[in-house]
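Have a look at input_9.cif below; it lists mmCIF, C-alpha atoms.
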data_model
loop_
_atom_site.label_atom_id
_atom_site.label_comp_id
_atom_site.auth_asym_id
_atom_site.auth_seq_id
_atom_site.Cartn_x
_atom_site.Cartn_y
_atom_site.Cartn_z
CA MET A 255 62.28 48.26 -4.35
CA THR A 256 64.04 45.36 -5.92
CA PRO A 257 62.11 42.71 -7.82
CA ASP A 258 62.92 40.11 -5.15
CA LEU A 259 61.46 42.23 -2.36
CA HIS A 260 58.40 42.96 -4.49
CA PHE A 261 57.90 39.26 -5.15
CA ASN A 262 58.33 38.33 -1.49
CA ARG A 263 55.75 40.94 -0.47
CA TRP A 264 53.19 39.53 -2.89
CA MET A 265 53.93 36.00 -1.73
CA ARG A 266 53.32 37.01 1.90
CA ARG A 267 50.06 38.67 0.88
CA ALA A 268 49.00 35.58 -1.07
CA GLY A 269 49.86 33.35 1.89
CA ILE A 270 47.86 35.51 4.29
CA LEU A 271 44.92 35.55 1.86
CA PHE A 272 45.12 31.78 1.53
CA LEU A 273 45.10 31.35 5.30
CA ILE A 274 42.11 33.67 5.63
CA ILE A 275 40.21 31.75 2.95
CA LEU A 276 41.18 28.41 4.54
CA VAL A 277 40.00 29.53 7.98
CA TYR A 278 36.77 30.87 6.46
CA VAL A 279 36.10 27.64 4.55
CA LEU A 280 36.79 25.44 7.59
CA THR A 281 34.64 27.66 9.81
CA THR A 282 31.71 27.89 7.43
CA ASP A 283 31.86 24.15 6.75
CA MET A 284 30.99 23.60 10.41
CA THR A 285 28.69 26.58 11.00
CA THR A 286 27.00 27.20 7.65
CA PRO A 287 27.56 24.03 5.59
CA MET A 288 26.55 24.12 1.95
CA THR A 289 25.99 21.48 -0.71
CA SER A 290 24.98 21.48 -4.34
CA TYR A 291 24.04 17.79 -4.18
CA SER A 292 20.39 18.61 -3.65
CA MET A 293 17.16 18.09 -5.54
CA VAL A 294 13.41 18.48 -5.28
CA GLN A 295 11.48 15.32 -4.54
CA ARG A 296 7.79 15.01 -5.30
CA PRO A 297 5.76 11.85 -4.61
CA VAL A 298 5.43 9.81 -7.79
CA VAL A 299 2.72 7.15 -8.03
CA ALA A 300 3.11 4.36 -10.57
CA VAL A 301 -0.47 3.68 -11.65
CA ALA A 302 -1.08 -0.01 -12.33
CA PRO A 303 -4.36 -1.82 -13.02
CA ARG A 304 -5.62 -4.34 -10.48
CA VAL A 305 -7.10 -6.59 -13.18
CA PRO A 306 -5.70 -7.68 -16.57
CA GLY A 307 -7.28 -6.91 -19.90
CA GLU A 308 -7.15 -4.77 -23.02
CA VAL A 309 -7.08 -1.00 -22.60
CA ILE A 310 -10.00 0.35 -24.60
CA ALA A 311 -9.82 4.05 -23.69
CA VAL A 312 -7.34 6.55 -22.24
CA ALA A 313 -9.17 9.44 -20.57
CA VAL A 314 -6.23 11.80 -19.93
CA ARG A 315 -3.50 13.48 -21.90
CA ASN A 316 0.13 14.06 -21.07
CA ASN A 317 0.84 16.69 -18.36
CA GLN A 318 -2.86 16.93 -17.49
CA PRO A 319 -3.69 17.76 -13.85
CA VAL A 320 -6.12 15.29 -12.32
CA GLN A 321 -8.05 15.09 -9.07
CA GLU A 322 -8.31 12.07 -6.83
CA GLY A 323 -10.90 9.73 -8.31
CA ASP A 324 -10.69 11.03 -11.88
CA LEU A 325 -10.80 8.36 -14.59
CA LEU A 326 -7.37 7.67 -16.10
CA PHE A 327 -8.03 4.75 -18.43
CA ARG A 328 -10.50 1.93 -18.92
CA ILE A 329 -9.99 -1.81 -19.40
CA ASP A 330 -12.40 -3.86 -21.50
CA PRO A 331 -15.13 -4.79 -18.97
CA ARG A 332 -16.97 -7.49 -20.96
CA ASP A 333 -15.18 -10.47 -19.43
CA TYR A 334 -15.83 -9.08 -15.95
CA GLN A 335 -19.48 -8.37 -16.72
CA LEU A 336 -19.90 -12.02 -17.73
CA ALA A 337 -18.08 -13.12 -14.60
CA LEU A 338 -20.44 -11.01 -12.49
CA GLU A 339 -23.49 -12.45 -14.25
CA LYS A 340 -22.15 -15.98 -13.69
CA ALA A 341 -21.59 -15.27 -9.98
CA GLU A 342 -25.12 -13.87 -9.65
CA LEU A 343 -26.55 -16.99 -11.35
CA GLN A 344 -24.55 -19.20 -9.00
CA LEU A 345 -26.01 -17.28 -6.06
CA ARG A 346 -29.52 -17.88 -7.39
CA GLU A 347 -28.72 -21.57 -7.85
CA VAL A 348 -27.46 -21.78 -4.27
CA ASN A 349 -30.65 -20.15 -3.00
CA GLN A 350 -32.74 -22.64 -4.98
CA THR A 351 -30.65 -25.53 -3.68
CA ASN A 352 -31.09 -24.31 -0.13
CA ALA A 353 -34.83 -24.00 -0.67
CA THR A 354 -34.91 -27.62 -1.84
CA LEU A 355 -32.86 -28.72 1.16
CA GLN A 356 -35.15 -26.80 3.48
CA ALA A 357 -38.14 -28.62 1.97
CA GLN A 358 -36.33 -31.94 2.38
CA LEU A 359 -35.53 -31.07 5.99
CA ALA A 360 -39.17 -30.20 6.66
CA GLN A 361 -40.23 -33.48 5.05
CA ALA A 362 -37.69 -35.40 7.15
CA ARG A 363 -38.91 -33.73 10.34
CA ALA A 364 -42.49 -34.64 9.42
CA ALA A 365 -41.38 -38.23 8.89
CA VAL A 366 -39.72 -38.18 12.31
CA ARG A 367 -42.92 -36.95 13.90
CA GLU A 368 -44.92 -39.61 12.10
CA ALA A 369 -42.47 -42.31 13.21
CA GLU A 370 -42.66 -41.05 16.81
CA VAL A 371 -46.46 -41.30 16.72
CA THR A 372 -46.19 -44.81 15.30
CA VAL A 373 -43.78 -45.86 18.06
CA GLN A 374 -46.12 -44.48 20.71
CA GLU A 375 -49.04 -46.33 19.15
CA LYS A 376 -47.09 -49.60 19.02
CA GLN A 377 -46.07 -49.17 22.66
CA ARG A 378 -49.69 -48.72 23.74
CA GLU A 379 -50.75 -51.71 21.61
CA LEU A 380 -48.04 -53.87 23.19
CA GLN A 381 -49.26 -52.85 26.64
CA ARG A 382 -52.81 -53.89 25.73
CA ILE A 383 -51.57 -57.22 24.34
CA HIS A 384 -49.64 -57.87 27.54
CA SER A 385 -52.74 -57.15 29.59
CA LEU A 386 -54.83 -59.52 27.51
CA HIS A 387 -52.09 -62.15 27.55
CA GLU A 388 -52.02 -62.16 31.31
CA ARG A 389 -55.75 -63.05 31.26
CA ASN A 390 -55.15 -65.68 28.56
CA LEU A 391 -57.28 -63.80 26.07
CA VAL A 392 -54.61 -63.63 23.33
CA SER A 393 -52.01 -66.07 22.15
CA GLU A 394 -48.23 -65.91 22.65
CA GLN A 395 -47.85 -65.39 18.92
CA GLN A 396 -49.87 -62.18 19.04
CA THR A 397 -47.67 -60.92 21.87
CA ASP A 398 -44.50 -61.63 19.90
CA GLN A 399 -46.00 -59.94 16.86
CA ALA A 400 -46.72 -56.77 18.89
CA LYS A 401 -43.12 -56.73 20.14
CA THR A 402 -41.86 -57.13 16.59
CA ASP A 403 -44.07 -54.28 15.39
CA LEU A 404 -42.71 -52.02 18.14
CA ASP A 405 -39.11 -52.88 17.29
CA ALA A 406 -39.79 -52.14 13.62
CA ALA A 407 -41.39 -48.78 14.49
CA GLN A 408 -38.42 -47.82 16.67
CA ALA A 409 -36.00 -48.79 13.88
CA ARG A 410 -38.04 -46.71 11.46
CA LEU A 411 -37.88 -43.77 13.90
CA ALA A 412 -34.08 -44.08 14.18
CA ALA A 413 -33.76 -44.18 10.38
CA VAL A 414 -35.87 -41.07 9.77
CA GLN A 415 -34.04 -39.26 12.60
CA GLU A 416 -30.73 -39.95 10.86
CA SER A 417 -32.24 -38.73 7.58
CA SER A 418 -33.40 -35.57 9.32
CA ASN A 419 -29.94 -34.98 10.81
CA ALA A 420 -28.35 -35.53 7.39
CA ALA A 421 -30.73 -33.02 5.80
CA ARG A 422 -30.02 -30.49 8.57
CA VAL A 423 -26.24 -30.90 8.18
CA SER A 424 -26.51 -30.65 4.39
CA LEU A 425 -28.51 -27.42 4.68
CA GLY A 426 -26.21 -25.85 7.27
CA ASP A 427 -26.97 -22.48 8.86
CA ALA A 428 -30.12 -20.70 7.88
CA GLY A 429 -30.39 -17.45 5.97
CA GLU A 430 -27.37 -15.29 5.11
CA GLN A 431 -25.14 -17.25 7.51
CA ASN A 432 -25.41 -20.33 5.31
CA LEU A 433 -21.97 -21.43 4.10
CA ARG A 434 -22.95 -21.86 0.45
CA VAL A 435 -24.77 -18.53 0.47
CA ARG A 436 -21.80 -16.72 2.00
CA MET A 437 -19.42 -18.25 -0.54
CA ALA A 438 -21.71 -17.32 -3.43
CA VAL A 439 -22.18 -13.78 -2.08
CA ASN A 440 -18.39 -13.41 -1.81
CA GLN A 441 -18.06 -14.52 -5.42
CA VAL A 442 -20.58 -11.86 -6.45
CA LYS A 443 -18.77 -9.18 -4.45
CA GLN A 444 -15.42 -10.21 -5.95
CA ALA A 445 -16.89 -10.06 -9.45
CA GLN A 446 -18.37 -6.63 -8.71
CA LEU A 447 -15.02 -5.44 -7.37
CA ASN A 448 -13.15 -6.73 -10.43
CA LEU A 449 -15.68 -5.02 -12.71
CA SER A 450 -15.23 -1.72 -10.86
CA ARG A 451 -11.46 -2.05 -11.22
CA THR A 452 -11.73 -1.92 -15.02
CA ASP A 453 -12.06 1.85 -14.55
CA VAL A 454 -8.60 2.87 -13.31
CA ARG A 455 -8.81 6.14 -11.39
CA ALA A 456 -6.31 8.59 -9.92
CA PRO A 457 -5.32 7.57 -6.37
CA GLU A 458 -4.52 11.19 -5.46
CA ASP A 459 -4.21 14.69 -6.89
CA GLY A 460 -1.36 15.07 -9.33
CA VAL A 461 -0.17 15.53 -12.88
CA VAL A 462 0.07 12.79 -15.50
CA THR A 463 3.67 12.69 -16.72
CA ASN A 464 5.41 10.92 -19.62
CA LEU A 465 2.18 9.38 -20.84
CA GLN A 466 2.79 6.63 -23.40
CA LEU A 467 -0.33 4.53 -22.89
CA VAL A 468 -2.67 4.13 -25.87
CA ALA A 469 -5.81 2.12 -26.47
CA GLY A 470 -5.14 -1.49 -27.47
CA VAL A 471 -2.38 -2.17 -24.97
CA GLN A 472 -2.76 -5.47 -23.15
CA ALA A 473 -2.57 -4.61 -19.46
CA SER A 474 -1.30 -6.98 -16.79
CA ALA A 475 -2.41 -6.81 -13.19
CA GLY A 476 0.14 -4.94 -11.09
CA GLN A 477 2.16 -3.74 -14.10
CA PRO A 478 2.50 0.10 -14.05
CA LEU A 479 1.19 1.82 -17.17
CA MET A 480 1.21 5.47 -16.11
CA SER A 481 3.07 7.83 -13.77
CA LEU A 482 1.33 10.41 -11.62
CA VAL A 483 3.43 13.14 -10.00
CA GLY A 484 1.72 14.18 -6.79
CA LEU A 485 1.18 17.79 -5.79
CA GLY A 486 1.87 18.52 -2.15
CA ASN A 487 4.24 16.84 0.31
CA GLU A 488 7.21 18.06 -1.70
CA ARG A 489 10.59 18.12 -0.03
CA ILE A 490 14.21 18.91 -0.77
CA ALA A 491 16.75 16.11 -0.39
CA ALA A 492 20.28 17.36 0.26
CA ASP A 493 23.44 15.26 0.64
CA PHE A 494 25.95 16.82 3.07
CA ARG A 495 29.34 15.58 4.16
CA GLU A 496 28.77 13.88 7.49
CA LYS A 497 31.36 16.02 9.29
CA SER A 498 29.46 19.13 8.19
CA LEU A 499 26.39 17.94 10.11
CA ALA A 500 28.17 17.53 13.45
CA ARG A 501 26.51 20.67 14.90
CA VAL A 502 23.24 20.47 13.02
CA ASP A 503 20.10 19.70 15.00
CA ASP A 504 16.58 19.04 13.74
CA GLN A 505 15.44 22.67 14.09
CA VAL A 506 18.04 24.30 11.88
CA SER A 507 16.97 26.82 9.26
CA GLY A 508 18.71 27.55 6.00
CA TRP A 509 18.48 28.82 2.45
CA VAL A 510 17.77 27.14 -0.85
CA VAL A 511 18.63 28.24 -4.38
CA PHE A 512 17.07 26.39 -7.31
CA ASP A 513 18.78 26.07 -10.67
CA ALA A 514 15.39 26.51 -12.34
CA LEU A 515 14.71 29.77 -10.46
CA PRO A 516 17.96 31.79 -10.64
CA GLY A 517 18.12 34.99 -8.67
CA GLU A 518 15.74 33.79 -5.93
CA VAL A 519 16.70 32.63 -2.44
CA PHE A 520 14.12 30.67 -0.43
CA PRO A 521 14.25 30.26 3.34
CA ALA A 522 13.98 26.63 4.39
CA ARG A 523 13.83 24.49 7.50
CA LEU A 524 15.31 21.08 8.21
CA GLN A 525 12.75 18.29 8.51
CA GLY A 526 15.02 15.41 9.40
CA ARG A 527 17.82 13.21 8.23
CA ASP A 528 18.40 9.60 7.26
CA LEU A 529 20.03 7.35 9.83
CA GLY A 530 22.18 5.50 7.35
CA VAL A 531 23.35 4.96 3.80
CA ALA A 532 23.19 1.92 1.55
CA LYS A 533 26.80 0.87 2.17
CA GLY A 534 26.12 0.67 5.89
CA GLN A 535 23.14 -1.64 5.54
CA LEU A 536 23.59 -5.16 6.88
CA GLN A 537 21.87 -7.93 4.98
CA ALA A 538 21.97 -11.60 5.93
CA ASP A 539 22.63 -12.79 2.37
CA GLY A 540 25.44 -15.21 3.16
CA SER A 541 28.13 -13.14 1.43
CA LEU A 542 31.45 -12.18 2.99
CA ALA A 543 32.55 -8.66 3.83
CA GLN A 544 34.00 -6.50 1.05
CA PRO A 545 36.52 -4.12 2.63
CA ASP A 546 37.45 -0.99 0.70
CA ASP A 547 40.60 -1.62 -1.35
CA SER A 548 41.23 1.95 -2.44
CA ASP A 549 44.87 3.10 -2.24
CA ARG A 550 43.99 6.80 -2.29
CA TRP A 551 45.66 8.85 0.42
CA VAL A 552 42.55 11.03 0.86
CA ARG A 553 39.30 9.10 0.62
CA ASP A 554 35.99 10.58 -0.47
CA ALA A 555 33.91 12.02 2.33
CA GLN A 556 30.79 10.10 3.29
CA ARG A 557 27.58 12.00 2.55
CA VAL A 558 24.39 11.85 4.62
CA ARG A 559 20.97 12.79 3.27
CA VAL A 560 18.83 15.40 5.01
CA TYR A 561 15.40 16.70 4.08
CA LEU A 562 14.14 20.26 4.07
CA SER A 563 10.94 22.14 3.35
CA LEU A 564 10.41 25.76 2.41
CA SER A 565 9.56 27.88 5.42
CA SER A 566 7.38 30.72 4.16
CA GLU A 567 5.76 29.51 0.95
CA PRO A 568 4.78 26.34 -0.87
CA MET A 569 7.07 24.72 -3.38
CA PRO A 570 6.74 26.49 -6.76
CA ASP A 571 4.75 24.40 -9.23
CA SER A 572 7.33 25.09 -11.93
CA LEU A 573 9.83 22.86 -10.13
CA VAL A 574 9.72 19.30 -11.39
CA THR A 575 10.67 16.35 -9.28
CA GLY A 576 14.44 16.05 -9.57
CA SER A 577 15.07 19.80 -9.97
CA ARG A 578 18.58 20.66 -8.82
CA ALA A 579 19.18 22.98 -5.89
CA THR A 580 21.91 24.38 -3.65
CA VAL A 581 21.31 24.26 0.09
CA MET A 582 22.99 26.02 2.99
CA LEU A 583 22.22 25.37 6.66
CA ALA A 584 22.61 27.98 9.39
CA ALA A 585 23.96 25.74 12.14
CA CYS A 586 25.16 28.57 14.41
CA ASP A 587 23.70 31.60 16.19
CA ASN A 588 26.51 33.97 15.18
CA THR A 589 24.92 36.93 13.44
CA LEU A 590 27.99 37.68 11.32
CA LEU A 591 28.34 34.12 10.05
CA ARG A 592 24.63 33.90 9.27
CA LEU A 593 24.84 37.21 7.42
CA LEU A 594 27.83 36.02 5.42
CA GLY A 595 26.03 32.77 4.62
CA SER A 596 22.94 34.62 3.42
CA LEU A 597 25.10 36.92 1.30
CA GLN A 598 26.92 33.93 -0.19
CA MET A 599 23.60 32.29 -1.16
CA HIS A 600 22.39 35.49 -2.83
CA ILE A 601 25.62 35.62 -4.82
CA ILE A 602 25.15 31.99 -5.84
CA SER A 603 21.57 32.73 -6.90
CA LEU A 604 22.85 35.48 -9.19
CA LEU A 605 25.56 33.23 -10.60
CA ARG A 606 22.83 30.78 -11.68
CA TYR A 607 21.98 33.27 -14.43
CA VAL A 608 25.46 32.68 -15.84
CA TYR A 609 25.85 28.98 -15.10
#
Would you put the structure from the file into structure tokens?
Amino acid sequence: MTPDLHFNRWMRRAGILFLIILVYVLTTDMTTPMTSYSMVQRPVVAVAPRVPGEVIAVAVRNNQPVQEGDLLFRIDPRDYQLALEKAELQLREVNQTNATLQAQLAQARAAVREAEVTVQEKQRELQRIHSLHERNLVSEQQTDQAKTDLDAAQARLAAVQESSNAARVSLGDAGEQNLRVRMAVNQVKQAQLNLSRTDVRAPEDGVVTNLQLVAGVQASAGQPLMSLVGLGNERIAADFREKSLARVDDQVSGWVVFDALPGEVFPARLQGRDLGVAKGQLQADGSLAQPDDSDRWVRDAQRVRVYLSLSSEPMPDSLVTGSRATVMLAACDNTLLRLLGSLQMHIISLLRYVY
């Protein structure tokens, strides 16, 4: 066989092999898509105090597991203890003020009753004077004086009634429904709440990570001072080319290989997918459109994020949030293709020992 014939034979074999590989890649990209743009996501809580102050004690160490409600750090409570004492004293003052107003109201009501009795007495006296005047037993001056006394008594009654109304309005509602009492009680409750917030506790189970907080730091309300990586509710975020997800529904299973756990293949199940990416988000910010100005003949494929969970076991605790993974989805029912996909993932898991 001449060298030219030998070369042509090898070229035909290479071309056939290339076509086979191309068909396999295109087929698997639609039936068993795979991506290495995947990572483990764990819920991370940024722990921030609700009240400002100086940190006087840190109760945890770095990478320490904590339970919900465990003390993380403490803020100097002295200012808040004084604020609580002040609020309690203001409540006592309000109660004393209300007691004084109640006494004044009772006194005003007694004055009203006294004035009413006086008016009734003056009315009866005027009637007697009229009767005597009709029989010419008293003078006209005495009659006028009785009328004047009645008018004065009625004016006195109106004055003490207004004083009674003013005292009642100043006192307001009785008991715990009194406006001043409710405001003072709210101040006490707020002071108690602020004092309780000087002990910053874990909002959920997790592990303290990257702890840098030390005693003496001046804390600001709402400013995170500690990170807590939650345990549970872990998921795998995988970014696939959007054309690879054309045949993927929400019940697809798959396989996951973690860089941190080479040689192991974990069955997984799709949880859902995002409905968009950041570049497709419309914001009414007044800016004009920014069309792509790339002159590349082949543009980069758009990737869509999907989320998976392990099917048969919980996420290994050794995996940190952000751990890299490789994900393959079994988007078809063909036994051969699923078998080839599983075999490919096992090969990749073994290659992680080398990579």
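Counting only C-alpha atoms, the residue from A:Val309, A:Met569, A:Gln415, A:Ser541 that sits nearest to Ala369 in chain A is A:Gln415.
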Could you name the residues that touch Gln446 in chain A at 12 Å or less, counting all atoms listed in the file, but leaving out those on the same chain fewer than 3 positions away, as an mmCIF file with C-alpha atoms, in the frame of the given file?
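So the final result, stored in part_26.cif, reads:
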data_model
loop_
_atom_site.group_PDB
_atom_site.id
_atom_site.type_symbol
_atom_site.label_atom_id
_atom_site.label_comp_id
_atom_site.auth_asym_id
_atom_site.auth_seq_id
_atom_site.Cartn_x
_atom_site.Cartn_y
_atom_site.Cartn_z
ATOM 1 C CA PRO A 331 -15.130 -4.790 -18.970
ATOM 2 C CA ASP A 333 -15.180 -10.470 -19.430
ATOM 3 C CA TYR A 334 -15.830 -9.080 -15.950
ATOM 4 C CA GLN A 335 -19.480 -8.370 -16.720
ATOM 5 C CA LEU A 336 -19.900 -12.020 -17.730
ATOM 6 C CA ALA A 337 -18.080 -13.120 -14.600
ATOM 7 C CA LEU A 338 -20.440 -11.010 -12.490
ATOM 8 C CA GLU A 339 -23.490 -12.450 -14.250
ATOM 9 C CA LYS A 340 -22.150 -15.980 -13.690
ATOM 10 C CA ALA A 341 -21.590 -15.270 -9.980
ATOM 11 C CA GLU A 342 -25.120 -13.870 -9.650
ATOM 12 C CA VAL A 439 -22.180 -13.780 -2.080
ATOM 13 C CA ASN A 440 -18.390 -13.410 -1.810
ATOM 14 C CA GLN A 441 -18.060 -14.520 -5.420
ATOM 15 C CA VAL A 442 -20.580 -11.860 -6.450
ATOM 16 C CA LYS A 443 -18.770 -9.180 -4.450
ATOM 17 C CA LEU A 449 -15.680 -5.020 -12.710
ATOM 18 C CA SER A 450 -15.230 -1.720 -10.860
ATOM 19 C CA ARG A 451 -11.460 -2.050 -11.220
ATOM 20 C CA THR A 452 -11.730 -1.920 -15.020
#
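Separating CA of Leu593 in chain A from CA of Pro570 in chain A is a distance of 25.4 Å.
The closest residue to Ala406 in chain A, picked from A:Gln377, A:Thr282, A:Gln556, A:Ser596 and counting all atoms listed in the file, is A:Gln377.
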Kindly provide, as a PDB file with C-alpha atoms, keeping the file's coordinate frame, the polymer residues lying within 10 Å of (-12.6, 4.7, -22.2), counting all atoms listed in the file and using the coordinates exactly as they appear in the file.
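Now in out_7.pdb:
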ATOM      1  CA  VAL A 309      -7.080  -1.000 -22.600  1.00  0.00           C
ATOM      2  CA  ILE A 310     -10.000   0.350 -24.600  1.00  0.00           C
ATOM      3  CA  ALA A 311      -9.820   4.050 -23.690  1.00  0.00           C
ATOM      4  CA  VAL A 312      -7.340   6.550 -22.240  1.00  0.00           C
ATOM      5  CA  ALA A 313      -9.170   9.440 -20.570  1.00  0.00           C
ATOM      6  CA  VAL A 314      -6.230  11.800 -19.930  1.00  0.00           C
ATOM      7  CA  LEU A 325     -10.800   8.360 -14.590  1.00  0.00           C
ATOM      8  CA  LEU A 326      -7.370   7.670 -16.100  1.00  0.00           C
ATOM      9  CA  PHE A 327      -8.030   4.750 -18.430  1.00  0.00           C
ATOM     10  CA  ARG A 328     -10.500   1.930 -18.920  1.00  0.00           C
ATOM     11  CA  ILE A 329      -9.990  -1.810 -19.400  1.00  0.00           C
ATOM     12  CA  ASP A 330     -12.400  -3.860 -21.500  1.00  0.00           C
ATOM     13  CA  THR A 452     -11.730  -1.920 -15.020  1.00  0.00           C
ATOM     14  CA  ASP A 453     -12.060   1.850 -14.550  1.00  0.00           C
ATOM     15  CA  VAL A 454      -8.600   2.870 -13.310  1.00  0.00           C
ATOM     16  CA  ALA A 469      -5.810   2.120 -26.470  1.00  0.00           C
TER      17      ALA A 469
END
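If only C-alpha atoms are the atoms counted, then among A:Val299, A:Leu345, A:Val435, A:Val366 the closest residue to Leu485 in chain A is A:Val299.
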Non-local contacts of Asn588 in chain A (12 Å; only C-alpha atoms; under 4 positions in same chain excluded) as a PyMOL selection string: chain A and resi 281-282+285-286+584+592-595
Using only C-alpha atoms - which residues lie no farther than 9 Å from the point (24.2, 23.6, 9.0) in the file's frame? Write them as number ranges by chain. A: 282-288, 498-503, 506-508, 582-586
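Nearest residue to Val519 in chain A, choosing from A:Gln477, A:Gln408, A:Ser603, A:Asn448 and counting only C-alpha atoms: A:Ser603.
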Residue by residue, what does the PyMOL selection byres ((chain A and resi 515) around 12) grab here? Present the result as a ChimeraX atom specification. /A:510-514,516-520,569-574,577-580,602-607
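Residues surrounding Ser474 in chain A within 9 Å are Ala302, Pro303, Arg304, Val305, Pro306, Gly307 and Glu308 of chain A [all atoms listed in the file; sequence separation below 6 positions excluded].
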Could you tell me how far CA of Leu564 in chain A lies from CA of Ser290 in chain A, in Å and to one decimal? 16.6 Å
Pull out every residue that the PyMOL selection byres ((chain A and resi 524) around 7) matches in the shown coordinates and put them as a VMD selection string. chain A and resid 504 to 507 522 to 523 525 to 526 561 to 563
I'd like to see the residues matched by the PyMOL selection byres ((chain A and resi 320) around 7) on this file, and ideally I'd get them as a PyMOL selection string. chain A and resi 318-319+321-322+324+459-461
Closest of A:Val558, A:Glu458, A:Leu467, A:Lys533 to Pro545 in chain A, counting all atoms listed in the file, is A:Lys533
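In terms of minimum interatomic distance to Leu359 in chain A, A:Ser417 ranks closest within A:Thr256, A:Gln295, A:Ser417, A:Ser566, counting all atoms listed in the file.
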